[in-house]
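K.L.:
What follows is final-v7.csv; its format and atoms are CSV, C-alpha atoms.
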```
chain,number,residue,atom,x,y,z
A,11,MET,CA,98.7,120.2,104.5
A,12,CYS,CA,95.9,122.1,103.1
A,13,THR,CA,96.5,125.9,103.3
A,14,THR,CA,92.8,126.8,103.4
A,15,CYS,CA,91.5,124.9,106.3
A,16,GLY,CA,94.5,123.1,107.6
A,17,CYS,CA,93.2,119.6,106.9
A,18,GLY,CA,94.9,116.4,106.1
A,19,GLN,CA,92.6,114.3,104.0
A,20,GLY,CA,93.6,110.7,104.7
A,21,GLU,CA,92.9,108.6,101.6
A,22,THR,CA,91.0,111.2,99.7
A,23,ARG,CA,92.7,112.3,96.5
A,24,ILE,CA,91.7,115.2,94.4
A,25,GLU,CA,93.2,115.2,90.9
A,26,GLY,CA,96.0,117.7,90.6
A,27,GLU,CA,96.9,117.6,94.2
A,28,HIS,CA,99.7,115.7,95.8
A,29,PRO,CA,98.5,113.0,98.1
A,30,ARG,CA,98.4,114.4,101.6
A,31,HIS,CA,99.7,112.8,104.7
A,32,SER,CA,97.0,112.5,107.2
A,33,HIS,CA,98.3,114.7,110.0
A,34,ASP,CA,97.4,115.1,113.6
A,35,HIS,CA,94.9,117.9,113.9
A,36,ALA,CA,92.3,115.6,115.3
A,37,HIS,CA,94.7,113.9,117.6
A,38,GLU,CA,96.9,116.5,119.2
A,39,HIS,CA,95.7,115.9,122.7
A,40,THR,CA,98.1,114.4,125.2
A,41,HIS,CA,97.1,111.4,127.2
A,42,GLU,CA,96.7,112.8,130.6
A,43,HIS,CA,95.6,109.7,132.2
A,44,ASP,CA,96.3,109.9,135.9
A,45,HIS,CA,96.3,106.8,138.1
A,46,HIS,CA,92.8,107.3,139.4
A,47,HIS,CA,90.8,105.2,137.1
A,48,TYR,CA,87.7,105.5,139.2
A,49,GLY,CA,84.9,105.9,136.8
A,50,LEU,CA,85.8,103.2,134.3
A,51,GLY,CA,83.3,100.5,135.2
A,52,PRO,CA,80.2,100.0,133.2
A,53,ALA,CA,78.1,100.6,136.2
A,54,HIS,CA,79.3,104.2,136.4
A,55,ALA,CA,81.2,103.5,139.6
A,56,HIS,CA,82.3,107.1,140.2
A,57,ALA,CA,83.6,107.4,143.7
A,58,PRO,CA,82.2,110.6,145.1
A,59,GLY,CA,84.8,113.0,146.4
A,60,LEU,CA,87.6,111.2,144.6
A,61,THR,CA,87.1,112.3,141.0
A,62,GLN,CA,85.9,115.6,139.6
A,63,ALA,CA,83.5,114.1,137.2
A,64,ARG,CA,81.2,116.5,135.6
A,65,MET,CA,78.6,116.6,133.0
A,66,VAL,CA,79.3,118.8,130.0
A,67,LYS,CA,76.4,119.9,127.7
A,68,ILE,CA,77.3,119.6,124.0
A,69,GLU,CA,74.1,119.5,121.9
A,70,GLN,CA,75.9,119.5,118.6
A,71,ASP,CA,74.9,117.8,115.3
A,72,ILE,CA,77.3,115.1,114.5
A,73,LEU,CA,77.3,116.3,110.9
A,74,GLY,CA,77.7,119.9,112.0
A,75,ALA,CA,81.2,120.1,110.6
A,76,ASN,CA,80.1,118.8,107.2
A,77,ASP,CA,77.1,121.1,107.3
A,78,ARG,CA,79.3,124.1,107.9
A,79,TYR,CA,81.5,123.3,104.9
A,80,ALA,CA,78.3,122.8,102.9
A,81,ALA,CA,77.0,126.2,103.9
A,82,VAL,CA,80.2,127.7,102.6
A,83,ASN,CA,79.9,125.9,99.3
A,84,ARG,CA,76.2,126.9,99.0
A,85,GLN,CA,77.1,130.6,99.6
A,86,ARG,CA,79.8,130.3,97.0
A,87,PHE,CA,77.4,128.9,94.5
A,88,ARG,CA,74.8,131.6,95.3
A,89,GLU,CA,77.2,134.5,95.0
A,90,ARG,CA,78.3,133.3,91.6
A,91,GLY,CA,74.9,132.3,90.3
A,92,GLN,CA,76.0,128.7,89.9
A,93,PHE,CA,73.4,125.9,89.8
A,94,ALA,CA,74.9,122.9,91.6
A,95,ILE,CA,73.2,119.5,91.6
A,96,ASN,CA,74.3,116.3,93.4
A,97,LEU,CA,73.6,113.2,91.4
A,98,VAL,CA,73.1,110.1,93.5
A,99,SER,CA,72.3,106.5,92.6
A,100,SER,CA,73.5,103.0,92.9
A,101,PRO,CA,76.4,102.0,90.7
A,102,GLY,CA,75.4,101.3,87.1
A,103,SER,CA,72.3,103.4,87.0
A,104,GLY,CA,73.7,105.4,84.1
A,105,LYS,CA,74.8,108.6,85.8
A,106,THR,CA,77.9,109.1,83.7
A,107,SER,CA,76.1,108.3,80.5
A,108,LEU,CA,73.4,110.8,81.4
A,109,LEU,CA,76.0,113.5,82.1
A,110,VAL,CA,77.8,112.9,78.8
A,111,GLU,CA,74.5,113.2,76.9
A,112,THR,CA,73.4,116.3,79.0
A,113,ILE,CA,76.8,118.0,78.2
A,114,ARG,CA,76.4,117.1,74.5
A,115,ARG,CA,72.9,118.7,74.4
A,116,LEU,CA,74.0,121.8,76.3
A,117,GLY,CA,76.9,122.3,73.8
A,118,ASN,CA,78.5,125.7,74.5
A,119,THR,CA,75.4,127.4,75.7
A,120,VAL,CA,76.2,127.1,79.4
A,121,PRO,CA,79.6,127.1,81.2
A,122,LEU,CA,79.8,123.9,83.2
A,123,ALA,CA,82.0,121.6,85.2
A,124,VAL,CA,81.7,118.1,86.5
A,125,ILE,CA,83.0,116.9,89.9
A,126,GLU,CA,83.3,113.1,89.8
A,127,GLY,CA,83.3,111.0,92.9
A,128,ASP,CA,84.5,107.4,92.9
A,129,GLN,CA,86.5,105.3,95.3
A,130,GLN,CA,89.2,104.7,92.7
A,131,THR,CA,90.2,105.5,89.1
A,132,ARG,CA,89.8,108.5,86.8
A,133,PHE,CA,87.7,106.7,84.3
A,134,ASP,CA,84.6,108.8,84.8
A,135,ALA,CA,86.4,112.2,84.7
A,136,ASP,CA,88.1,111.0,81.5
A,137,ARG,CA,84.8,110.2,80.0
A,138,ILE,CA,83.5,113.6,80.8
A,139,ARG,CA,86.7,115.3,79.5
A,140,ALA,CA,86.3,113.5,76.2
A,141,THR,CA,83.2,115.7,75.7
A,142,GLY,CA,85.4,118.8,76.0
A,143,ALA,CA,83.9,119.7,79.4
A,144,GLN,CA,85.9,120.5,82.5
A,145,ALA,CA,86.0,117.7,85.0
A,146,LEU,CA,87.7,116.9,88.2
A,147,GLN,CA,87.9,113.5,89.8
A,148,ILE,CA,87.8,113.0,93.5
A,149,ASN,CA,88.9,109.5,94.7
A,150,THR,CA,87.5,108.8,98.1
A,151,GLY,CA,89.8,105.8,98.8
A,152,LYS,CA,87.7,103.6,101.0
A,153,GLY,CA,85.2,106.4,101.6
A,154,CYS,CA,81.6,105.6,100.5
A,155,HIS,CA,80.4,109.2,99.8
A,156,LEU,CA,81.6,112.7,98.9
A,157,ASP,CA,81.5,115.2,101.7
A,158,ALA,CA,81.2,119.0,101.6
A,159,HIS,CA,84.8,119.4,102.5
A,160,MET,CA,86.1,117.4,99.5
A,161,VAL,CA,83.8,119.3,97.2
A,162,GLY,CA,85.0,122.7,98.6
A,163,HIS,CA,88.5,121.7,97.7
A,164,ALA,CA,87.5,120.5,94.2
A,165,LEU,CA,85.8,124.0,93.7
A,166,GLU,CA,89.2,125.6,94.3
A,167,HIS,CA,90.6,123.7,91.4
A,168,LEU,CA,87.9,124.3,88.9
A,169,LYS,CA,87.7,127.5,86.8
A,170,LEU,CA,84.0,128.2,87.1
A,171,ALA,CA,82.4,131.2,85.5
A,172,ASP,CA,79.4,133.0,87.0
A,173,ASP,CA,76.1,131.3,86.2
A,174,SER,CA,77.8,127.9,85.5
A,175,LEU,CA,76.2,124.5,85.9
A,176,VAL,CA,78.0,122.4,88.5
A,177,LEU,CA,77.2,118.7,88.2
A,178,ILE,CA,78.5,116.6,91.1
A,179,GLU,CA,78.4,112.9,90.4
A,180,ASN,CA,78.5,111.2,93.8
A,181,VAL,CA,80.0,107.8,94.6
A,182,GLY,CA,77.6,105.1,93.3
A,183,ASN,CA,75.9,104.2,96.6
A,184,LEU,CA,72.2,104.5,97.4
A,185,VAL,CA,72.8,104.8,101.2
A,186,CYS,CA,75.6,107.0,102.5
A,187,PRO,CA,75.5,110.0,100.2
A,188,ALA,CA,72.0,110.7,101.5
A,189,ALA,CA,73.3,112.1,104.8
A,190,PHE,CA,75.9,114.4,103.4
A,191,ASP,CA,74.9,117.9,102.2
A,192,LEU,CA,77.5,119.2,99.7
A,193,GLY,CA,75.9,122.6,99.4
A,194,GLU,CA,74.0,121.7,96.2
A,195,ALA,CA,70.7,123.2,95.2
A,196,HIS,CA,69.1,119.8,94.8
A,197,LYS,CA,69.9,116.1,95.1
A,198,VAL,CA,68.8,114.2,92.0
A,199,VAL,CA,68.4,110.5,92.5
A,200,ILE,CA,68.7,108.3,89.4
A,201,LEU,CA,67.0,104.9,89.4
A,202,SER,CA,67.2,102.6,86.4
A,203,VAL,CA,64.5,100.2,85.4
A,204,THR,CA,67.0,97.3,85.4
A,205,GLU,CA,67.0,97.7,89.1
A,206,GLY,CA,64.1,96.6,91.3
A,207,GLU,CA,61.0,98.8,91.4
A,208,ASP,CA,61.1,98.4,95.2
A,209,LYS,CA,64.4,100.3,95.6
A,210,PRO,CA,62.7,103.4,97.0
A,211,LEU,CA,61.4,101.3,99.9
A,212,LYS,CA,64.6,99.4,100.4
A,213,TYR,CA,66.8,102.6,100.4
A,214,PRO,CA,64.3,105.2,101.6
A,215,ASP,CA,66.7,107.8,102.9
A,216,MET,CA,68.0,108.7,99.5
A,217,PHE,CA,64.5,109.2,98.1
A,218,LEU,CA,63.6,111.4,101.0
A,219,ALA,CA,66.7,113.5,100.4
A,220,ALA,CA,66.1,113.9,96.7
A,221,ASP,CA,64.1,116.7,95.0
A,222,LEU,CA,63.9,114.9,91.7
A,223,MET,CA,63.9,111.3,90.6
A,224,LEU,CA,65.1,110.4,87.1
A,225,LEU,CA,63.8,106.9,86.1
A,226,ASN,CA,66.5,105.9,83.5
A,227,LYS,CA,66.7,103.3,80.8
A,228,VAL,CA,63.0,103.3,80.1
A,229,ASP,CA,63.8,102.2,76.5
A,230,LEU,CA,64.4,98.8,78.1
A,231,LEU,CA,60.9,98.5,79.6
A,232,PRO,CA,59.5,96.3,76.9
A,233,HIS,CA,62.1,93.6,77.9
A,234,LEU,CA,61.5,93.8,81.6
A,235,ASP,CA,59.0,93.1,84.2
A,236,PHE,CA,59.1,96.5,85.8
A,237,ASP,CA,56.0,98.3,87.0
A,238,VAL,CA,56.7,102.0,86.6
A,239,ASP,CA,53.6,103.2,88.4
A,240,ARG,CA,54.3,101.0,91.4
A,241,CYS,CA,57.9,102.2,91.5
A,242,ILE,CA,56.9,105.9,91.4
A,243,GLY,CA,54.2,105.1,94.0
A,244,TYR,CA,56.8,103.7,96.3
A,245,ALA,CA,59.1,106.7,95.8
A,246,ARG,CA,56.2,109.1,96.7
A,247,ARG,CA,55.4,107.0,99.7
A,248,ILE,CA,58.8,108.1,101.0
A,249,LYS,CA,58.6,111.6,99.7
A,250,PRO,CA,55.1,112.8,98.9
A,251,GLY,CA,55.0,114.9,95.7
A,252,LEU,CA,58.5,113.9,94.5
A,253,LYS,CA,59.0,115.1,91.0
A,254,VAL,CA,59.8,112.2,88.6
A,255,ILE,CA,61.0,112.3,85.0
A,256,GLN,CA,61.2,109.1,82.9
A,257,ILE,CA,64.2,109.2,80.7
A,258,SER,CA,66.5,107.1,78.5
A,259,ALA,CA,70.0,108.7,78.5
A,260,THR,CA,71.0,106.6,75.5
A,261,LYS,CA,67.8,106.8,73.3
A,262,GLY,CA,66.8,110.4,74.3
A,263,GLU,CA,63.3,109.8,75.7
A,264,GLY,CA,62.3,112.3,78.3
A,265,LEU,CA,65.6,114.3,78.1
A,266,ASP,CA,63.8,117.4,76.9
A,267,ALA,CA,62.0,117.6,80.2
A,268,TRP,CA,65.3,117.0,82.1
A,269,MET,CA,67.0,119.8,80.1
A,270,ASP,CA,64.0,122.1,80.8
A,271,TRP,CA,64.4,121.3,84.6
A,272,LEU,CA,68.1,122.2,84.4
A,273,GLN,CA,67.5,125.4,82.4
A,274,HIS,CA,64.9,126.5,85.0
A,275,GLY,CA,67.4,125.9,87.8
A,276,LEU,CA,70.1,127.8,85.9
A,277,GLN,CA,67.8,130.7,85.3
A,278,HIS,CA,66.8,130.8,88.9
A,279,ALA,CA,70.4,130.8,90.2
A,280,LYS,CA,71.3,133.5,87.7
A,281,THR,CA,68.4,135.7,88.6
A,282,ALA,CA,69.1,135.3,92.3
A,283,ARG,CA,72.7,136.4,91.7
A,284,GLN,CA,71.6,139.4,89.7
A,285,GLU,CA,69.2,140.5,92.4
A,286,THR,CA,71.9,140.2,94.9
A,287,VAL,CA,74.2,142.4,92.8
A,288,ILE,CA,71.5,145.0,92.3
A,289,GLY,CA,70.7,144.9,96.0
A,290,LEU,CA,74.4,145.4,96.9
A,291,LYS,CA,74.7,148.3,94.4
A,292,GLN,CA,71.7,150.0,95.9
A,293,ARG,CA,73.2,149.6,99.3
A,294,ILE,CA,76.6,151.0,98.2
A,295,ALA,CA,74.8,154.0,96.6
A,296,GLU,CA,72.9,154.6,99.9
A,297,LEU,CA,76.1,154.4,101.9
A,298,GLU,CA,77.8,156.8,99.5
A,299,ALA,CA,75.0,159.2,99.7
A,300,GLN,CA,75.2,159.2,103.5
A,301,LEU,CA,79.0,159.9,103.3
A,302,LYS,CA,78.7,162.9,101.0
A,303,PRO,CA,77.4,165.5,103.5
A,304,VAL,CA,80.3,164.8,105.9
B,3,MET,CA,79.8,102.5,106.1
B,4,HIS,CA,79.2,106.2,106.7
B,5,GLU,CA,79.0,105.4,110.4
B,6,MET,CA,82.8,105.7,110.3
B,7,SER,CA,82.5,109.3,109.2
B,8,LEU,CA,79.9,109.9,111.8
B,9,ALA,CA,82.1,108.4,114.5
B,10,GLU,CA,85.0,110.6,113.5
B,11,GLY,CA,82.6,113.5,113.7
B,12,VAL,CA,81.7,112.6,117.2
B,13,LEU,CA,85.4,112.3,118.2
B,14,LYS,CA,86.1,115.7,116.8
B,15,ILE,CA,83.2,117.2,118.8
B,16,VAL,CA,84.4,115.5,122.0
B,17,GLU,CA,88.0,116.6,121.5
B,18,ASP,CA,87.0,120.2,120.7
B,19,ALA,CA,84.9,120.3,123.9
B,20,ALA,CA,87.8,118.7,125.9
B,21,ARG,CA,90.2,121.3,124.6
B,22,ALA,CA,87.8,124.2,125.3
B,23,GLN,CA,86.9,123.0,128.8
B,24,GLY,CA,90.2,121.4,129.9
B,25,LEU,CA,88.8,117.9,130.2
B,26,ALA,CA,91.4,115.2,130.8
B,27,ARG,CA,89.2,112.2,130.3
B,28,VAL,CA,85.8,111.5,129.0
B,29,THR,CA,83.9,108.6,130.8
B,30,GLU,CA,80.6,108.7,129.0
B,31,VAL,CA,79.3,110.1,125.7
B,32,ARG,CA,75.5,110.4,125.2
B,33,LEU,CA,74.2,110.6,121.6
B,34,GLU,CA,70.7,111.3,120.4
B,35,ILE,CA,70.0,109.3,117.3
B,36,GLY,CA,66.6,109.7,115.6
B,37,LYS,CA,64.6,106.6,114.8
B,38,LEU,CA,64.5,107.8,111.2
B,39,SER,CA,68.1,108.9,110.8
B,40,ALA,CA,70.3,107.1,108.4
B,41,VAL,CA,72.3,105.4,111.1
B,42,GLU,CA,72.5,101.8,112.2
B,43,PRO,CA,73.1,102.2,116.0
B,44,GLU,CA,75.2,99.0,116.4
B,45,ALA,CA,77.4,99.9,113.5
B,46,LEU,CA,77.9,103.4,115.0
B,47,ARG,CA,78.7,101.9,118.3
B,48,PHE,CA,81.3,99.6,116.7
B,49,CYS,CA,82.9,102.5,114.8
B,50,LEU,CA,83.0,104.7,117.9
B,51,GLY,CA,84.9,102.0,119.6
B,52,LEU,CA,87.5,102.1,116.9
B,53,VAL,CA,87.9,105.8,116.6
B,54,PHE,CA,87.8,106.4,120.4
B,55,LYS,CA,90.7,104.0,120.8
B,56,ASP,CA,93.9,105.9,121.9
B,57,SER,CA,91.8,109.1,122.5
B,58,LEU,CA,90.8,110.7,125.7
B,59,ALA,CA,87.5,108.9,125.3
B,60,ALA,CA,89.1,105.5,125.0
B,61,GLN,CA,87.3,104.2,128.1
B,62,ALA,CA,84.1,106.1,127.6
B,63,THR,CA,80.8,104.3,127.7
B,64,ILE,CA,78.5,105.2,124.9
B,65,GLU,CA,74.8,105.8,125.5
B,66,LEU,CA,72.5,106.0,122.4
B,67,ILE,CA,69.2,107.7,123.0
B,68,GLU,CA,66.7,107.1,120.3
B,69,SER,CA,64.3,109.9,119.6
B,70,PRO,CA,61.0,108.9,118.0
B,71,GLY,CA,60.0,109.4,114.4
B,72,ARG,CA,57.3,112.1,113.8
B,73,GLY,CA,55.3,112.9,110.7
B,74,VAL,CA,52.3,114.8,109.4
B,75,CYS,CA,49.7,113.1,107.3
B,76,LEU,CA,49.1,115.3,104.2
B,77,ASP,CA,45.6,113.9,103.8
B,78,CYS,CA,44.1,113.9,107.2
B,79,HIS,CA,46.6,116.4,108.8
B,80,ALA,CA,47.1,114.2,111.8
B,81,GLU,CA,50.5,114.4,113.6
B,82,VAL,CA,51.6,110.8,113.8
B,83,GLU,CA,54.4,108.7,115.1
B,84,VAL,CA,56.5,107.2,112.3
B,85,THR,CA,58.6,104.1,112.8
B,86,ALA,CA,59.8,103.7,109.2
B,87,LEU,CA,60.0,106.2,106.3
B,88,PHE,CA,57.3,104.3,104.3
B,89,ASP,CA,54.8,103.9,107.2
B,90,PRO,CA,51.3,104.8,106.2
B,91,CYS,CA,49.2,107.1,108.4
B,92,PRO,CA,47.9,105.1,111.3
B,93,ARG,CA,44.7,107.1,111.3
B,94,CYS,CA,43.6,107.2,107.7
B,95,GLY,CA,46.0,104.8,106.0
B,96,SER,CA,47.3,107.4,103.5
B,97,THR,CA,50.9,106.9,102.4
B,98,ALA,CA,51.4,110.6,102.0
B,99,VAL,CA,53.1,111.1,105.4
B,100,GLN,CA,55.7,113.8,105.5
B,101,VAL,CA,58.5,113.2,108.0
B,102,THR,CA,58.9,116.1,110.5
B,103,GLY,CA,61.2,114.6,113.1
B,104,GLY,CA,63.3,111.7,114.2
B,105,ARG,CA,66.3,112.4,111.9
B,106,GLU,CA,68.5,113.9,114.6
B,107,MET,CA,72.1,112.8,115.0
B,108,ARG,CA,73.5,114.8,117.9
B,109,VAL,CA,76.1,114.7,120.7
B,110,LYS,CA,74.0,115.6,123.7
B,111,ASP,CA,76.5,115.6,126.6
B,112,LEU,CA,79.5,114.1,128.1
B,113,LEU,CA,80.6,112.9,131.5
B,114,ALA,CA,84.2,113.9,132.0
B,115,GLU,CA,87.0,114.5,134.5
```
The structure in this file should be written as structure tokens.
P.N.:
Amino acid sequence: MCTTCGCGQGETRIEGEHPRHSHDHAHEHTHEHDHHHYGLGPAHAHAPGLTQARMVKIEQDILGANDRYAAVNRQRFRERGQFAINLVSSPGSGKTSLLVETIRRLGNTVPLAVIEGDQQTRFDADRIRATGAQALQINTGKGCHLDAHMVGHALEHLKLADDSLVLIENVGNLVCPAAFDLGEAHKVVILSVTEGEDKPLKYPDMFLAADLMLLNKVDLLPHLDFDVDRCIGYARRIKPGLKVIQISATKGEGLDAWMDWLQHGLQHAKTARQETVIGLKQRIAELEAQLKPV
Amino acid sequence: MHEMSLAEGVLKIVEDAARAQGLARVTEVRLEIGKLSAVEPEALRFCLGLVFKDSLAAQATIELIESPGRGVCLDCHAEVEVTALFDPCPRCGSTAVQVTGGREMRVKDLLAE
């Protein structure tokens, strides 16, 4: 059982952790069925006076639990000046190739780590580690997306310096990861030109959730019947003003703009941390000054 | 199939409420699902049936209340109803409609004994 939050994780496996047995925290109720099954009928046939049926107001977000874990992750990133991005796309858009090239270009200038989400295998984490970078694989089993809880556990295993870049490669799936906040600064959606230009309309939720769209494999455009302007138009129809960078992860086109975007985010996260530290120091100084006369 | 995760989230909320309020049995669960949320209502209903099995909500009826999609046109500034994320503005035809509502996924209330 997890010592931090008491969870059992079902089929999820995080590299370096022993598989956990799913335990019973969600099911520890007893079945207190009595013999008065009055209100079972679909027509709400509650017999007045015989049952004590009552309405209980709940008004809670179904994703509330995930969002609370995400808020913890986000605060963790903020306090440490870490810039975390959540890379989402369909399988085969070139996410891992882009990460490998991004890491190669960054060299040793920025501390970074990669969290890899896939249903099975460690192939992607192995590809990242071959670059010398720190990587951790999360296998979601039959799960179709990463959630904030899994990422929180992954963060415990990574040795992340302040002001690091945290690259989270989500499960290749253009649907489900859209709904799950991981605590990242931005979702970045990657669409390759070998896919249909109408993907933004077919899978709109992901494009609405993203703050940046990378249009990958543009080096292949001469061989394809893919209308770039139409594709970008579709994406902005879902999310007006969506920023788009056209890239080729393998040939290098557009990657300078992508690296600039990352550097800007890193700088922003670092500045925010420094301002927090300065603010806290000022506060401590004020409190100490108040203590002195006593 | 993230509807399965959502269904498990619903069960967790229901069980927490049952524990806090000493409920023995839940007979109805009402959910508010926005028209523009990333949920397929029938898939969610199916998954709820699976995860509620063997729980205190095993016999509960599930009511899904759809809340409408809302948006603001960035060109003509009209507040409009949106039925799909790529809907153009019904007033001026612009495609620059920013979604402002209809993405809710909430447990509203329960009937319980």
K.L.:
Please return, as a ChimeraX atom specification, all residues of chain B lying within 6 Å of chain A when only C-alpha atoms are considered.
P.N.:
/B:4,11-12,26,87-88,97-98,107-115
K.L.:
Taking only C-alpha atoms into account, name the residue in B:Leu46, B:Ala60, B:Val53, B:Val101 that is nearest to Leu76 in chain B.
P.N.:
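Counting only C-alpha atoms, the residue closest to Leu76 in chain B is B:Val101.
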K.L.:
Please provide as a PyMOL selection string all residues within 12 Å of His79 in chain B, with the sequence filter that same-chain residues fewer than 2 positions apart are discarded (counting only C-alpha atoms).
P.N.:
chain B and resi 73-77+81-82+91-96+98-100
K.L.:
Please put the answer as lines of an AutoDock Vina configuration file: centre and edge lengths, in Å with one decimal, of a box along x, y and z that encloses all listed atoms of range 263-269 of chain A plus 3 Å on each side.
P.N.:
```
center_x = 64.5
center_y = 114.8
center_z = 78.9
size_x = 11.0
size_y = 16.0
size_z = 12.4
```
K.L.:
Taking (65.3, 106.8, 118.2) in the file's own coordinates, collect the residues within 8 Å, counting all atoms listed in the file, and hand them back as a ChimeraX atom specification.
P.N.:
/B:34-38,67-71,104
K.L.:
Write out as a list of chain:residue names each polymer residue whose atoms come within 12 Å of His233 in chain A, counting only C-alpha atoms; drop sequence neighbours fewer than 4 positions from it.
P.N.:
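The residues satisfying every condition are A:Val203, A:Thr204, A:Lys227, A:Val228, A:Asp229, A:Asp237.
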K.L.:
Tell me, in Å to one decimal, how far CA of Ser39 in chain B is from CA of Gln61 in chain B.
P.N.:
26.3 Å
K.L.:
Would you mind listing what lies within 12 Å of Glu285 in chain A as an NGL selection string, with all atoms listed in the file counted and same-chain residues fewer than 5 positions away left out?
P.N.:
:A and (88-91 or 278-280 or 290-292)
K.L.:
At what distance in Å, to one decimal, does CA of Ser107 in chain A lie from CA of Ser7 in chain B?
P.N.:
29.4 Å
K.L.:
Expressed in Å to a single decimal, how great is the separation between CA of Leu225 in chain A and CA of Leu175 in chain A?
P.N.:
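Separation of CA of Leu225 in chain A and CA of Leu175 in chain A: 21.5 Å.
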K.L.:
Restricting the calculation to only C-alpha atoms: of A:Val238, A:Met160, A:Val110, A:Leu192, which residue gets closest to Ala81 in chain A?
P.N.:
A:Leu192
K.L.:
Name the residues within 10 Å of (69.6, 115.6, 76.2), counting only C-alpha atoms in the file's coordinates, and put them as a ChimeraX atom specification.
P.N.:
/A:108-116,257-270
